[in-house]
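Visitor: Sharing work03.txt here; it has compact mmCIF, C-alpha atoms.
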```txt
# COMPACT_ATOMS: atom_id res chain seq x y z
CA MET L 41 47.01 91.92 5.10
CA CYS L 42 47.47 93.99 1.98
CA THR L 43 46.06 97.45 2.58
CA ILE L 44 45.92 99.37 5.85
CA PHE L 45 44.69 102.87 6.67
CA LEU L 46 45.55 104.10 10.11
CA SER L 47 44.85 107.14 12.27
CA TRP L 48 47.29 107.54 15.16
CA GLN L 49 46.49 110.06 17.90
CA GLN L 50 44.40 112.17 15.53
CA HIS L 51 40.88 111.69 16.87
CA PRO L 52 39.52 113.11 20.15
CA GLN L 53 37.79 109.86 21.10
CA PHE L 54 40.00 107.13 19.61
CA ASP L 55 43.79 107.17 19.80
CA LEU L 56 43.95 104.40 17.18
CA ILE L 57 41.62 103.84 14.22
CA VAL L 58 42.43 101.17 11.64
CA ALA L 59 40.68 100.09 8.45
CA ALA L 60 42.35 97.21 6.63
CA ASN L 61 41.87 94.50 4.01
CA ARG L 62 43.60 91.14 4.04
CA ASP L 63 44.20 89.57 0.63
CA GLU L 64 45.08 85.89 0.47
CA TYR L 65 44.54 82.67 -1.46
CA TYR L 66 41.06 81.32 -0.78
CA ARG L 67 42.44 77.84 -0.25
CA ARG L 68 44.71 78.92 2.65
CA PRO L 69 42.90 77.82 5.83
CA THR L 70 42.14 80.62 8.27
CA THR L 71 40.33 80.92 11.58
CA PRO L 72 38.32 84.17 11.98
CA ALA L 73 39.07 86.62 14.79
CA HIS L 74 38.73 85.17 18.29
CA TYR L 75 40.41 85.14 21.70
CA TRP L 76 43.32 82.72 21.41
CA GLN L 77 43.22 79.74 23.73
CA ASP L 78 47.00 79.78 24.10
CA ALA L 79 47.07 83.59 24.61
CA PRO L 80 43.68 84.67 26.03
CA HIS L 81 44.56 88.38 25.99
CA VAL L 82 44.99 88.31 22.19
CA PHE L 83 42.04 88.87 19.84
CA ALA L 84 42.93 88.16 16.22
CA GLY L 85 42.32 85.94 13.25
CA ARG L 86 44.77 83.12 12.73
CA ASP L 87 46.55 81.55 9.80
CA ASP L 88 46.00 77.84 10.36
CA ILE L 89 49.25 76.89 8.62
CA GLY L 90 51.79 79.29 10.10
CA ARG L 91 49.77 79.82 13.32
CA GLY L 92 50.46 83.56 13.22
CA THR L 93 48.20 86.47 12.33
CA TRP L 94 48.02 89.38 9.92
CA MET L 95 46.47 91.75 12.48
CA GLY L 96 45.51 91.66 16.12
CA ALA L 97 44.84 93.58 19.31
CA THR L 98 45.12 92.76 23.00
CA THR L 99 43.48 93.58 26.30
CA ASN L 100 46.53 95.67 27.26
CA ARG L 101 46.19 97.91 24.18
CA ARG L 102 48.88 96.34 22.04
CA PHE L 103 48.38 96.29 18.28
CA ALA L 104 50.21 94.65 15.41
CA ALA L 105 49.63 94.38 11.66
CA LEU L 106 51.53 92.91 8.74
CA THR L 107 51.53 93.25 4.96
CA ASN L 108 53.66 91.45 2.42
CA PHE L 109 56.11 93.63 0.49
CA ARG L 110 55.81 92.85 -3.21
CA ASN L 111 59.28 91.93 -4.43
CA LEU L 112 59.25 88.68 -6.39
CA ASP L 113 63.04 88.55 -6.62
CA ALA L 114 63.36 88.23 -2.83
CA ILE L 115 60.92 85.34 -2.28
CA SER L 116 62.17 82.07 -0.79
CA ASP L 117 60.08 78.92 -0.38
CA ASN L 118 62.00 78.07 2.78
CA ALA L 119 61.47 81.37 4.60
CA PRO L 120 59.78 81.33 8.04
CA SER L 121 56.17 82.46 8.32
CA ARG L 122 55.80 86.22 8.55
CA GLY L 123 52.65 85.96 10.67
CA GLY L 124 54.75 85.00 13.66
CA LEU L 125 56.17 88.51 13.73
CA THR L 126 52.80 89.97 14.69
CA SER L 127 51.73 87.23 17.08
CA ASP L 128 55.10 87.30 18.88
CA PHE L 129 54.71 91.02 19.52
CA LEU L 130 51.13 90.65 20.77
CA ASN L 131 52.31 87.94 23.15
CA SER L 132 55.24 89.95 24.48
CA THR L 133 55.67 92.88 26.85
CA THR L 134 58.64 94.29 24.95
CA SER L 135 58.34 97.91 23.81
CA PRO L 136 57.65 98.43 20.09
CA GLN L 137 61.08 99.98 19.54
CA ASP L 138 62.94 97.19 21.32
CA TYR L 139 60.90 94.49 19.59
CA LEU L 140 61.74 95.88 16.15
CA ALA L 141 65.37 96.38 17.14
CA ASN L 142 65.55 92.68 18.02
CA ILE L 143 64.05 91.74 14.65
CA GLN L 144 66.40 94.10 12.85
CA ARG L 145 69.40 92.60 14.63
CA GLU L 146 68.41 88.95 14.20
CA ASP L 147 67.42 89.33 10.51
CA LEU L 148 65.73 85.91 10.25
CA ASN L 149 65.42 85.88 6.45
CA HIS L 150 61.65 86.25 6.25
CA ASN L 151 60.19 86.98 2.86
CA PRO L 152 59.66 90.74 2.30
CA TYR L 153 57.21 92.39 4.70
CA ASN L 154 55.96 95.56 6.35
CA LEU L 155 55.26 95.47 10.08
CA LEU L 156 53.35 97.86 12.34
CA VAL L 157 53.59 97.37 16.11
CA GLY L 158 52.33 99.58 18.90
CA ASP L 159 51.20 99.91 22.47
CA LYS L 160 49.20 102.60 24.28
CA ASP L 161 51.96 105.18 23.86
CA THR L 162 53.99 104.31 20.78
CA LEU L 163 53.51 103.13 17.20
CA CYS L 164 56.39 102.00 14.99
CA TYR L 165 56.89 100.79 11.42
CA TYR L 166 59.55 98.48 10.02
CA SER L 167 60.20 96.82 6.68
CA ASN L 168 62.89 94.21 6.18
CA MET L 169 63.42 95.71 2.72
CA SER L 170 64.66 99.04 4.09
CA LYS L 171 65.73 97.65 7.49
CA LYS L 172 64.80 100.99 9.08
CA ILE L 173 62.76 101.41 12.26
CA ILE L 174 60.45 104.42 12.04
CA HIS L 175 58.78 105.88 15.11
CA LEU L 176 55.44 107.17 13.80
CA GLU L 177 54.44 110.66 14.81
CA PRO L 178 50.73 111.41 15.30
CA GLY L 179 49.17 111.33 11.84
CA ILE L 180 47.24 109.41 9.22
CA TYR L 181 49.00 106.71 7.22
CA GLY L 182 48.40 104.31 4.36
CA LEU L 183 50.20 101.03 3.72
CA SER L 184 49.87 98.37 1.06
CA ASN L 185 52.54 96.13 -0.44
CA GLY L 186 55.16 98.84 -0.89
CA TYR L 187 56.67 101.17 1.68
CA LEU L 188 54.56 103.17 4.13
CA ASP L 189 52.60 105.90 2.31
CA ALA L 190 53.93 104.81 -1.09
CA PRO L 191 51.81 106.70 -3.68
CA TRP L 192 49.95 103.71 -5.06
CA PRO L 193 46.49 104.77 -6.31
CA LYS L 194 44.54 102.61 -3.88
CA VAL L 195 46.61 103.98 -1.00
CA THR L 196 46.31 107.66 -1.95
CA GLU L 197 42.63 107.53 -2.95
CA GLY L 198 41.63 105.25 -0.09
CA LYS L 199 43.47 107.48 2.36
CA LYS L 200 41.46 110.49 1.19
CA GLU L 201 38.19 108.66 1.85
CA PHE L 202 39.50 107.40 5.18
CA ILE L 203 40.35 110.96 6.27
CA GLN L 204 36.85 112.16 5.37
CA ALA L 205 35.30 109.32 7.35
CA LEU L 206 37.26 110.28 10.47
CA ASN L 207 35.01 113.29 11.08
CA MET L 208 32.35 110.92 12.41
CA PRO L 209 33.91 107.45 12.16
CA SER L 210 31.61 104.45 12.01
CA GLN L 211 32.40 100.83 11.36
CA ASP L 212 29.89 100.68 8.49
CA GLU L 213 31.37 103.67 6.68
CA LEU L 214 34.93 102.43 7.11
CA LEU L 215 33.93 98.99 5.83
CA SER L 216 32.32 100.56 2.76
CA ILE L 217 35.61 102.30 1.89
CA LEU L 218 37.39 98.94 1.94
CA GLN L 219 34.89 97.38 -0.48
CA ASN L 220 35.90 99.61 -3.40
CA LYS L 221 36.55 97.39 -6.45
CA ALA L 222 37.68 100.15 -8.83
CA VAL L 223 41.04 99.53 -10.52
CA ALA L 224 43.65 102.19 -11.25
CA ALA L 225 44.25 103.81 -14.63
CA ASP L 226 47.09 102.24 -16.58
CA ASN L 227 49.35 105.29 -16.28
CA LEU L 228 49.03 105.19 -12.47
CA LEU L 229 49.78 101.52 -11.92
CA PRO L 230 52.80 100.77 -9.74
CA LYS L 231 55.52 98.67 -11.34
CA THR L 232 56.12 95.79 -8.96
CA GLY L 233 57.28 93.10 -11.36
CA VAL L 234 54.02 91.21 -11.86
CA PRO L 235 52.30 90.92 -15.29
CA TYR L 236 50.10 93.82 -16.43
CA GLY L 237 46.80 91.99 -15.92
CA MET L 238 47.74 91.04 -12.38
CA GLU L 239 49.03 94.54 -11.58
CA LYS L 240 45.72 95.95 -12.80
CA ALA L 241 43.61 93.57 -10.72
CA LEU L 242 45.75 94.10 -7.61
CA SER L 243 45.34 97.88 -7.87
CA ALA L 244 41.80 97.61 -6.46
CA LEU L 245 41.22 97.97 -2.74
CA PHE L 246 38.86 94.99 -2.81
CA ILE L 247 40.37 92.22 -4.95
CA GLU L 248 38.46 89.43 -6.70
CA LEU L 249 40.53 86.96 -8.71
CA ALA L 250 40.22 83.26 -9.41
CA GLY L 251 41.59 81.59 -6.29
CA TYR L 252 42.82 84.82 -4.68
CA GLY L 253 41.27 87.95 -3.27
CA THR L 254 40.20 89.98 -0.29
CA ARG L 255 39.46 87.49 2.47
CA CYS L 256 38.45 89.91 5.21
CA SER L 257 38.12 93.55 6.21
CA THR L 258 39.00 94.70 9.73
CA ILE L 259 38.05 97.85 11.62
CA ILE L 260 39.71 98.75 14.92
CA MET L 261 38.66 101.76 17.03
CA ARG L 262 40.52 102.03 20.33
CA ASN L 263 40.27 104.29 23.36
CA LYS L 264 41.58 104.00 26.91
CA LYS L 265 38.75 101.77 28.12
CA GLU L 266 38.21 99.41 25.19
CA THR L 267 39.06 98.37 21.66
CA LEU L 268 36.19 97.90 19.22
CA PHE L 269 37.19 95.17 16.76
CA THR L 270 35.10 94.31 13.69
CA GLU L 271 36.05 91.67 11.13
CA LYS L 272 34.02 90.97 7.99
CA SER L 273 35.09 87.82 6.16
CA TYR L 274 34.35 87.06 2.50
CA SER L 275 34.58 84.09 0.16
CA LEU L 276 34.16 84.70 -3.56
CA GLU L 277 33.86 80.96 -4.12
CA THR L 278 31.09 80.31 -1.57
CA GLN L 279 29.55 83.83 -1.44
CA VAL L 280 29.42 83.44 2.34
CA GLU L 281 30.07 86.49 4.53
CA ARG L 282 30.75 86.43 8.26
CA LEU L 283 30.66 89.45 10.56
CA ILE L 284 32.38 89.40 13.95
CA THR L 285 32.20 92.34 16.36
CA GLU L 286 34.00 92.30 19.70
CA THR L 287 34.57 94.84 22.45
CA ILE L 288 37.99 94.14 23.95
CA LEU L 289 38.02 95.60 27.45
CA THR L 290 41.29 97.13 28.61
CA THR L 291 42.79 95.38 31.64
```
How would this structure read if it were set down as structure tokens?
Guide:
Amino acid sequence: MCTIFLSWQQHPQFDLIVAANRDEYYRRPTTPAHYWQDAPHVFAGRDDIGRGTWMGATTNRRFAALTNFRNLDAISDNAPSRGGLTSDFLNSTTSPQDYLANIQREDLNHNPYNLLVGDKDTLCYYSNMSKKIIHLEPGIYGLSNGYLDAPWPKVTEGKKEFIQALNMPSQDELLSILQNKAVAADNLLPKTGVPYGMEKALSALFIELAGYGTRCSTIIMRNKKETLFTEKSYSLETQVERLITETILTT
């Protein structure tokens, strides 16, 4: 997952609202969002190689999401899959703070990442680049492949549109925000160590490159009784779109 907008305890009807894009290589096999056979309370897409997920929700109102942190100097081919960090939290009953404290202490040499984990009461953020656990206060946040609320153009501009949509949030309107293909002006591009042409292309919310791009958009709207989960999958190579909508009842 590469861009996430999130409203935490800011809306009178939904304590959690999420709009997010996942960017990935088209060739990486993925299963769309579903209830997991080995963890029936989890609803999430699944990376068929690492067997983890980039984002998911559960019937007991747990939530987790992951983005890569763009730091090419810290990448190792032998690092464990980052998707297990989200799936392990969704499968556990550990509090968000304790879960992140365990990760912080164990320091398992994952490649750089950002991690959001929460339950019905608490939402926390952690990056293994800063190694700091942040308890998120009620508010509206944006996250891409830098730190939380880093002023990247697609984060700041997308966050403005996300805030406007929260007046009367709908899945269609939130999805339309995520489909913005506009790239940032040269003087606003972040400097993350990739070549100029790549930095330019990656500055769009919705990415379309040869072999790589936005694979799916996810909308989550959660209240005490249920979590509304929408996933729209894309393939630039096949031009096939798939829309999945699920109401996850709280148990």
Visitor: Find the residues with any atom within 10 Å of (35.2, 93.8, 11.8); use only C-alpha atoms and the coordinates as given in the file, and write the answer as a VMD selection string.
Guide: chain L and resid 59 to 60 73 211 to 212 214 to 215 256 to 260 268 to 273 282 to 286
Visitor: For the residues in that selection, give me C-alpha atoms as a compact mmCIF listing (two decimals), in the coordinates of the input.
Guide:
```
# COMPACT_ATOMS: atom_id res chain seq x y z
CA ALA L 59 40.68 100.09 8.45
CA ALA L 60 42.35 97.21 6.63
CA ALA L 73 39.07 86.62 14.79
CA GLN L 211 32.40 100.83 11.36
CA ASP L 212 29.89 100.68 8.49
CA LEU L 214 34.93 102.43 7.11
CA LEU L 215 33.93 98.99 5.83
CA CYS L 256 38.45 89.91 5.21
CA SER L 257 38.12 93.55 6.21
CA THR L 258 39.00 94.70 9.73
CA ILE L 259 38.05 97.85 11.62
CA ILE L 260 39.71 98.75 14.92
CA LEU L 268 36.19 97.90 19.22
CA PHE L 269 37.19 95.17 16.76
CA THR L 270 35.10 94.31 13.69
CA GLU L 271 36.05 91.67 11.13
CA LYS L 272 34.02 90.97 7.99
CA SER L 273 35.09 87.82 6.16
CA ARG L 282 30.75 86.43 8.26
CA LEU L 283 30.66 89.45 10.56
CA ILE L 284 32.38 89.40 13.95
CA THR L 285 32.20 92.34 16.36
CA GLU L 286 34.00 92.30 19.70
```
Visitor: Restricting the calculation to all atoms listed in the file: of L:Ile174, L:Leu46, L:Ala105, L:Ala84, which residue gets closest to Glu201 (chain L)?
Guide: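 Of L:Ile174, L:Leu46, L:Ala105, L:Ala84, the one nearest Glu201 (chain L) is L:Leu46, counting all atoms listed in the file.
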Visitor: Which is closer to Glu266 (chain L) than all the others in L:Leu242, L:Leu163, L:Cys42, L:Ala97, using only C-alpha atoms?
Guide: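 Smallest distance to Glu266 (chain L) is found for L:Ala97.
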Visitor: In file coordinates, which residues lie within 10 Å of (66.0, 94.2, 0.1) using all atoms listed in the file, given as a list of chain:residue names?
Guide: L:Phe109, L:Asn111, L:Asp113, L:Ala114, L:Asn151, L:Pro152, L:Ser167, L:Asn168, L:Met169, L:Ser170, L:Lys171
Visitor: Calculated over only C-alpha atoms, which of the candidates L:Gly182, L:Pro80, L:Pro235, L:Gly90 has the smallest distance to Phe202 (chain L)?
Guide: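 Answer, going by the shortest atom-to-atom distance: L:Gly182.
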Visitor: Determine the nearest neighbour of Val82 (chain L) from the options L:Thr291, L:Ser275, L:Asn227, L:Asn131, counting all atoms listed in the file.
Guide: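 Ranking L:Thr291, L:Ser275, L:Asn227, L:Asn131 by distance to Val82 (chain L), first place goes to L:Asn131.
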Visitor: Using only C-alpha atoms for the distances, tell me which of L:Ile44, L:Ala205, L:Leu56, L:Leu276 is nearest to Met261 (chain L).
Guide: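 Counting only C-alpha atoms, the residue closest to Met261 (chain L) is L:Leu56.
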Visitor: So, with only C-alpha atoms as the atoms that count, which of L:Gln204, L:Asn61, L:Thr107, L:Asn149 lies closest to Gln219 (chain L)?
Guide: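 Closest to Gln219 (chain L) of all the choices is L:Asn61.
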Visitor: Calculate how many Å separate CA of His74 (chain L) from CA of Ser132 (chain L), rounding to one decimal.
Guide: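 The value is 18.3 Å.
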Visitor: For CA of Asn100 (chain L) and CA of Tyr274 (chain L), determine how far apart the two atoms are, in Å to one decimal place.
Guide: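 CA of Tyr274 (chain L) lies 28.9 Å from CA of Asn100 (chain L).
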Visitor: Could you give me, as an MDAnalysis selection string, the residues within 12 Å of Asp189 (chain L), counting all atoms listed in the file and dropping anything in the same chain fewer than 3 positions from it?
Guide: chainID L and resid 43:46 154 165 176 179:186 192:199
Visitor: Quick one, how far is CA of Thr232 (chain L) from CA of Phe246 (chain L)?
Guide: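 For CA of Thr232 (chain L) relative to CA of Phe246 (chain L), the distance reads 18.3 Å.
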Visitor: Show which residues sit within 12 Å of Tyr66 (chain L), as a PyMOL selection string. Count all atoms listed in the file, and ignore same-chain residues fewer than 4 positions away.
Guide: chain L and resi 62+70+87+247-256+273-279
Visitor: I need the residues from that last selection saved to file as a compact mmCIF listing (two decimals), in the frame of the given file (with C-alpha atoms), if you can.
Guide:
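Full text of out-v8.txt as output:
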```
# COMPACT_ATOMS: atom_id res chain seq x y z
CA ARG L 62 43.60 91.14 4.04
CA THR L 70 42.14 80.62 8.27
CA ASP L 87 46.55 81.55 9.80
CA ILE L 247 40.37 92.22 -4.95
CA GLU L 248 38.46 89.43 -6.70
CA LEU L 249 40.53 86.96 -8.71
CA ALA L 250 40.22 83.26 -9.41
CA GLY L 251 41.59 81.59 -6.29
CA TYR L 252 42.82 84.82 -4.68
CA GLY L 253 41.27 87.95 -3.27
CA THR L 254 40.20 89.98 -0.29
CA ARG L 255 39.46 87.49 2.47
CA CYS L 256 38.45 89.91 5.21
CA SER L 273 35.09 87.82 6.16
CA TYR L 274 34.35 87.06 2.50
CA SER L 275 34.58 84.09 0.16
CA LEU L 276 34.16 84.70 -3.56
CA GLU L 277 33.86 80.96 -4.12
CA THR L 278 31.09 80.31 -1.57
CA GLN L 279 29.55 83.83 -1.44
```
Visitor: How big is the axis-aligned box around all listed atoms of region 145-163 of chain L once 3 Å goes on each side, and where's its centre, in Å to one decimal, as lines of an AutoDock Vina configuration file?
Guide:
```
center_x = 59.3
center_y = 95.5
center_z = 13.3
size_x = 26.2
size_y = 25.3
size_z = 28.0
```
